[in-house]
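Scroll down for the structure; my scribbles are underneath it.
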4 protein chains.
Amino acid sequence: MKDVQNEHDNRNITIDRVGVKNVSYPITVVQKNNTQQTIANISMSVKLADEFRGTHMSRFIDTLKEYNNKISPDNLKKITARLCEKLGASESSVVFEFPYHFKKLSPVSKIESYSRCDISMTGNFERGNFDYMLGINLNVQTLCPCSKEISDYGAHNQRALINLSVRFFNEPVEFEELINIIENASSSPLHTLLKREDEKFVTEHAYNKPRFVEDVLRELALSLNNDARISWYKIIVESYESIHNHNAFSEIERLKKI
Amino acid sequence: MKDVQNEHDNRNITIDRVGVKNVSYPITVVQKNNTQQTIANISMSVKLADEFRGTHMSRFIDTLKEYNNKISPDNLKKITARLCEKLGASESSVVFEFPYHFKKLSPVSKIESYSRCDISMTGNFERGNFDYMLGINLNVQTLCPCSKEISDYGAHNQRALINLSVRFFNEPVEFEELINIIENASSSPLHTLLKREDEKFVTEHAYNKPRFVEDVLRELALSLNNDARISWYKIIVESYESIHNHNAFSEIERLKKI
Amino acid sequence: MKDVQNEHDNRNITIDRVGVKNVSYPITVVQKNNTQQTIANISMSVKLADEFRGTHMSRFIDTLKEYNNKISPDNLKKITARLCEKLGASESSVVFEFPYHFKKLSPVSKIESYSRCDISMTGNFERGNFDYMLGINLNVQTLCPCSKEISDYGAHNQRALINLSVRFFNEPVEFEELINIIENASSSPLHTLLKREDEKFVTEHAYNKPRFVEDVLRELALSLNNDARISWYKIIVESYESIHNHNAFSEIERLKKI
Amino acid sequence: MKDVQNEHDNRNITIDRVGVKNVSYPITVVQKNNTQQTIANISMSVKLADEFRGTHMSRFIDTLKEYNNKISPDNLKKITARLCEKLGASESSVVFEFPYHFKKLSPVSKIESYSRCDISMTGNFERGNFDYMLGINLNVQTLCPCSKEISDYGAHNQRALINLSVRFFNEPVEFEELINIIENASSSPLHTLLKREDEKFVTEHAYNKPRFVEDVLRELALSLNNDARISWYKIIVESYESIHNHNAFSEIERLKKI
């Protein structure tokens, strides 16, 4: 059977990335202190040299299977290296996006429930060098400092999405630790289960800690600036304003000097 | 050229609806007191008798063109009647969904800007009878009565989506009038443009008018019960709780007795 | 602390459904012959009597925890009964929606990989009676019989979504068996991993089995009509037409006579 | 009333972008040879100097109104310059995303209908320099060269999304001209209205012009390389594979040397 992908290509154009996207697969996420079963949306790609007409798409799925669907920063390095080898490529990329659930106690009644965030783990392999980036999407609460200041009572507040991407100097930081840093930068974390005494606490706590999207971003940036393990970060804060039908947002990207 | 759709079908199964979905088309929405250009997502279908293998999909688009993309309840009746005729069907349905923008003044500074809602106009034609249903999706603000009551200060509040569907005894009510009724049932309408004096007003107004999703639904239901023009309604209120990562919702459907 | 939800309501309006939506929770789906860990999007609600101002939202999450996040038709019955009890309601509803992965062999090379569908399990409890509905969203391939017939070569084909909802006379049918029935009604099932010999097989197989959305619906309806275990079904077939920017669809709902 | 946003900030962090997102507004898109009414999703932001606590969000909407919602590359330059002025910022950005409809004749019967693409117009203003980027999202058809080659009959084909972003040396190219270039790079354009003779034509045309996502990308890149008006481009091709439940994709970004 003819291998059309393997034909010589005369158009003289190297392609940055060729691969598969939106692959849904059950995975096991492995961190130092815990593992979790979840469902990933996966993208895998390689650089395609100008002399080849196409890549061999089925080998991406083959490679995923070789690692038993176990996903850790170490395995991302192995998978990307293996993709370069199997597909004869000088560069490769993978992105695993998945919901991640963590336990949280309600603030007063101390009842446990699960909270959700969305994690992305991205690996890039380029001529022997591996780059790992971690992304966390987490909803929090923001309460508007201006609304509080100018109003005789009340203050508008709302859900806000914090999207944090980080790179590390050495060892990756566990998700749970970063989630904690993100929640501290907000007016309040969200909770899945709140009894009345908890709701009173959360309401007053947020009122006492008003934060613009600018404040959330700066508080989070300060924490990351002071964290010697973080080499690079990007933050996007997007607040689903309860008085508007549109959102307020702030954005920053910083590479630390060594 | 063979007409495969026209083949006789032996499977003896009448199909409730066959047609096209997700057709994007520029339309002009015509109400008594205004017209508006917008972009519709359109679904059109007919009942398919058991003896035919398939329907003729291109005739749906043909029919749309015949009416110059002008959409009103009257034209919906004409379009559905025409679909039955052109496709030899006893029943037909169309749904036009589109963003609709209306002008609103900020509450204190009286500056004008556009607000958005999402409208759906649904028409069903069945052996000479035409049924028209209007849907409005509108975001509002809700402020939690429990959070206000139990907290020494503050109260959680958030954007909430009100989805109202209505049928009329006679003449359809204009969108703007229904939007007004919906906004009155909430803690506060949303605004696109608010100066500081407006933000103070909206914050305090919502604090003075706390509403559960249950309250919003009941206030809206009361208005519709008392409105002699409305023959049927369905209400879904969904509040994007600012203290949770999930939503609270309420739902009701009522057919009025004549 | 005051119980605002428990206040007497004078508006005299019973609410069909009040509850929580979009709760993300890790669950274990339990069928007779297998169990699977996955992530559910959960909705839970009760009917609210006219005399009460609101429901107690935290009790929905409490109830979920009581059953250790184990989801089966039997547990849905227990959860809905328990909701009525804990919330003093005469009716309750729950919907669990989740991705479900099943193993599939490629048709010629017989290599195994995971395929995904999306399942919804819905339970309604009303004065002692429990109603269970199962929903399956599965993508398949359809190849157009008209395009094949009128063209000298080739035929347009595409991904199509089959949405099947079923109720059972007695025991629920396993997901895998229904998936098999759905795939048989299409031009071809989809595959995550195909080697070249498999791709040849799938291409020719679909060409030999052309199906309109009307055909897929009728073939599936015939199977379900002949299946004595199924008491009710609804089918929606939606084909992402490769020659159009819109979709073709068909829809049927049937209650069987006993 | 206190101006909280105007407070001095001590955290010493300049923010890359602060502003509003997801603003829905009716706009008029103005090109040299035509204008079109449509609905835009708008994002507007400025760089925030480290000494200020926050930006003034209502001024973004004010600025939009000053230009009567007329959107052209020239007006984008004026709007971004005005944002810098009104908000005391050294940099500003705006993005207008909107559906755009263009007329197309069916290939044989020559019947006219509307096709839809999604346009984004992005303007960045930085210390007197204005940068304009145009984005087009357009669906086309791809037919797999490998499937055609190895199969005795048929070939899998599907809808594919082409996302093209371009920058220009001087004058922007009209949308319609770029749409034409994109469609030529595919196996076939999509159509909203096809009679049977047209469907035969499209089916055979696509079969005679098989294209991998790699081919579509390279053909499009060749056209843009040879177009002296284009200074930079990025292409993403994503094919909704009709035999898989996942997508194939290719990506390239090139800055031309002058």
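Ordering of the structure tokens sets the chain letters (A, B, ...); residue numbers start at 1 within each chain; ligands are numbered from 1 in the order shown.
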Exercise for the section: For chain B, work out the contacting residues on chain C at 7 Å, counting only C-alpha atoms, and write them as a ChimeraX atom specification. Expected result: /C:1-2,4,13,15-23,54,146,150,214,218,246-252
Problem - Contact residues around Asn180 of chain C with only C-alpha atoms at 12 Å, ignoring same-chain residues under 2 positions, as JSON, numbers by chain - result: {"C": [102, 103, 104, 117, 136, 138, 140, 173, 174, 175, 176, 177, 178, 182, 183, 184, 185, 186, 188, 189, 190, 220, 223]}
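If only C-alpha atoms are the atoms counted, then among C:Cys144, C:Ile39, C:Lys78, C:Cys84 the closest residue to Ile119 of chain C is C:Ile39.
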Practice task
For atom CA of Lys77 of chain D and atom CA of Phe130 of chain D, determine how far apart the two atoms are, in Å to one decimal place.
Solution key: 6.3 Å
Exercise for the section: Could you give me, as a ChimeraX atom specification, each residue of segment 78-155 of chain D that DSSP assigns to strand (DSSP E) when run on this structure's backbone? Expected result: /D:91-105,112-126,129-143
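Rounded to one decimal, atom CA of Asn33 of chain B and atom CA of Ser72 of chain B lie 11.9 Å from each other.
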Handout entry: For Phe169 of chain B: contacts at 7 Å, only C-alpha atoms, fewer than 5 positions along chain excluded, given as a PyMOL selection string
Key = chain B and resi 229-231
Write the residues of the selection above to a file with N, CA, C and O atoms, as a JSON list (two decimals), in the first residue's frame.
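The new file out39.json reads:
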[["chain", "number", "residue", "atom", "x", "y", "z"],
["B", 229, "ARG", "N", -52.32, 39.10, 28.25],
["B", 229, "ARG", "CA", -51.88, 38.78, 26.88],
["B", 229, "ARG", "C", -51.12, 37.46, 26.79],
["B", 229, "ARG", "O", -50.95, 36.90, 25.72],
["B", 230, "ILE", "N", -50.61, 37.00, 27.93],
["B", 230, "ILE", "CA", -49.75, 35.80, 27.95],
["B", 230, "ILE", "C", -50.60, 34.56, 28.19],
["B", 230, "ILE", "O", -51.32, 34.48, 29.18],
["B", 231, "SER", "N", -50.46, 33.55, 27.30],
["B", 231, "SER", "CA", -51.28, 32.34, 27.45],
["B", 231, "SER", "C", -50.49, 31.19, 28.09],
["B", 231, "SER", "O", -51.07, 30.26, 28.65]]
Show me, as an mmCIF file with N, CA and C atoms, in the first residue's frame, the residues that have an atom within 12 Å of Ile111 of chain D when counting only C-alpha atoms, minus same-chain residues fewer than 4 positions from it.
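The result, written out as around38.cif:
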data_model
loop_
_atom_site.group_PDB
_atom_site.id
_atom_site.type_symbol
_atom_site.label_atom_id
_atom_site.label_comp_id
_atom_site.auth_asym_id
_atom_site.auth_seq_id
_atom_site.Cartn_x
_atom_site.Cartn_y
_atom_site.Cartn_z
ATOM 1 N N SER B 58 -32.159 21.599 0.242
ATOM 2 C CA SER B 58 -31.882 22.917 -0.338
ATOM 3 C C SER B 58 -33.135 23.795 -0.370
ATOM 4 N N ILE B 61 -33.417 26.515 2.412
ATOM 5 C CA ILE B 61 -32.663 27.754 2.167
ATOM 6 C C ILE B 61 -33.382 28.592 1.101
ATOM 7 N N ASP B 62 -33.891 27.919 0.062
ATOM 8 C CA ASP B 62 -34.702 28.608 -0.959
ATOM 9 C C ASP B 62 -35.821 29.429 -0.310
ATOM 10 N N LYS B 65 -34.894 32.598 1.460
ATOM 11 C CA LYS B 65 -34.589 33.688 0.539
ATOM 12 C C LYS B 65 -35.856 34.371 0.013
ATOM 13 N N LYS D 103 -21.620 36.922 -0.242
ATOM 14 C CA LYS D 103 -22.454 36.221 -1.216
ATOM 15 C C LYS D 103 -21.622 35.239 -2.028
ATOM 16 N N LYS D 104 -22.240 34.104 -2.342
ATOM 17 C CA LYS D 104 -21.546 33.108 -3.138
ATOM 18 C C LYS D 104 -22.548 32.484 -4.107
ATOM 19 N N LEU D 105 -22.097 32.199 -5.332
ATOM 20 C CA LEU D 105 -22.936 31.501 -6.304
ATOM 21 C C LEU D 105 -22.671 30.010 -6.204
ATOM 22 N N SER D 106 -23.706 29.201 -6.303
ATOM 23 C CA SER D 106 -23.476 27.759 -6.388
ATOM 24 C C SER D 106 -22.755 27.487 -7.703
ATOM 25 N N PRO D 107 -21.892 26.455 -7.748
ATOM 26 C CA PRO D 107 -20.936 26.328 -8.865
ATOM 27 C C PRO D 107 -21.557 26.052 -10.235
ATOM 28 N N HIS D 191 -20.730 25.545 0.694
ATOM 29 C CA HIS D 191 -21.827 26.311 0.103
ATOM 30 C C HIS D 191 -23.053 26.203 0.985
ATOM 31 N N THR D 192 -23.857 27.254 1.027
ATOM 32 C CA THR D 192 -25.093 27.224 1.819
ATOM 33 C C THR D 192 -26.241 26.631 1.005
ATOM 34 N N LEU D 193 -26.194 26.808 -0.292
ATOM 35 C CA LEU D 193 -27.292 26.363 -1.153
ATOM 36 C C LEU D 193 -26.733 25.613 -2.359
ATOM 37 N N LEU D 194 -27.012 24.305 -2.431
ATOM 38 C CA LEU D 194 -26.538 23.475 -3.537
ATOM 39 C C LEU D 194 -27.696 22.677 -4.115
ATOM 40 N N LYS D 195 -27.941 22.818 -5.400
ATOM 41 C CA LYS D 195 -28.910 21.958 -6.078
ATOM 42 C C LYS D 195 -28.173 20.670 -6.476
ATOM 43 N N GLU D 197 -27.204 19.270 -9.245
ATOM 44 C CA GLU D 197 -26.084 19.387 -10.187
ATOM 45 C C GLU D 197 -24.857 20.015 -9.512
ATOM 46 N N ASP D 198 -25.135 20.899 -8.525
ATOM 47 C CA ASP D 198 -24.032 21.505 -7.784
ATOM 48 C C ASP D 198 -23.357 20.486 -6.861
#
Problem - atom CA of Val30 of chain D to atom CA of Asn75 of chain D, distance in Å rounded to a single decimal - result: 9.3 Å
Practice task
List every residue of segment 169-248 of chain B that DSSP, applied to the backbone of this structure, assigns to alpha helix (DSSP H), and report them as an NGL selection string.
Solution key: :B and (175-184 or 196-207 or 213-225)
Exercise for the section: Within 8 Å of Pro26 of chain A, counting only C-alpha atoms, which residues show up once you throw out same-chain ones fewer than 2 positions away? Write them as a ChimeraX atom specification, please. Expected result: /A:24,28,37-40,69 /C:101
Practice task
Tell me which protein, DNA and RNA residues are within 12 Å of Thr80 of chain B, counting only C-alpha atoms, leaving out same-chain ones fewer than 5 positions away, and put them as a PyMOL selection string.
Solution key: chain B and resi 43-47+60+63-64+67+71+73-75+85-95+122-132
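All residues of protein, DNA or RNA that reach within 6 Å of Gln158 of chain A, judged by only C-alpha atoms and not counting those fewer than 6 positions away in the chain, are Gln141, Thr142, Glu241 and Ser242 of chain A; Gln158 and Ser242 of chain B.
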Take the residues that were just selected and, keeping N, CA and C atoms, output them as a PDB file, in the first residue's frame.
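Below is the file that was written, again-v1.pdb:
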ATOM      1  N   GLN A 141     -13.526  34.318  43.925  1.00  0.00           N
ATOM      2  CA  GLN A 141     -14.459  35.441  44.068  1.00  0.00           C
ATOM      3  C   GLN A 141     -13.675  36.745  44.120  1.00  0.00           C
ATOM      4  N   THR A 142     -14.186  37.778  43.436  1.00  0.00           N
ATOM      5  CA  THR A 142     -13.623  39.119  43.602  1.00  0.00           C
ATOM      6  C   THR A 142     -14.732  40.056  44.084  1.00  0.00           C
ATOM      7  N   GLU A 241     -18.166  40.420  35.955  1.00  0.00           N
ATOM      8  CA  GLU A 241     -18.795  41.540  36.659  1.00  0.00           C
ATOM      9  C   GLU A 241     -20.290  41.352  36.871  1.00  0.00           C
ATOM     10  N   SER A 242     -20.734  41.421  38.120  1.00  0.00           N
ATOM     11  CA  SER A 242     -22.154  41.166  38.398  1.00  0.00           C
ATOM     12  C   SER A 242     -23.041  42.371  38.055  1.00  0.00           C
TER      13      SER A 242
ATOM     14  N   GLN B 158     -24.292  38.294  42.021  1.00  0.00           N
ATOM     15  CA  GLN B 158     -23.716  37.691  40.824  1.00  0.00           C
ATOM     16  C   GLN B 158     -24.604  37.932  39.611  1.00  0.00           C
ATOM     17  N   SER B 242     -21.563  33.596  43.203  1.00  0.00           N
ATOM     18  CA  SER B 242     -20.185  34.117  43.332  1.00  0.00           C
ATOM     19  C   SER B 242     -19.403  33.436  44.453  1.00  0.00           C
TER      20      SER B 242
END
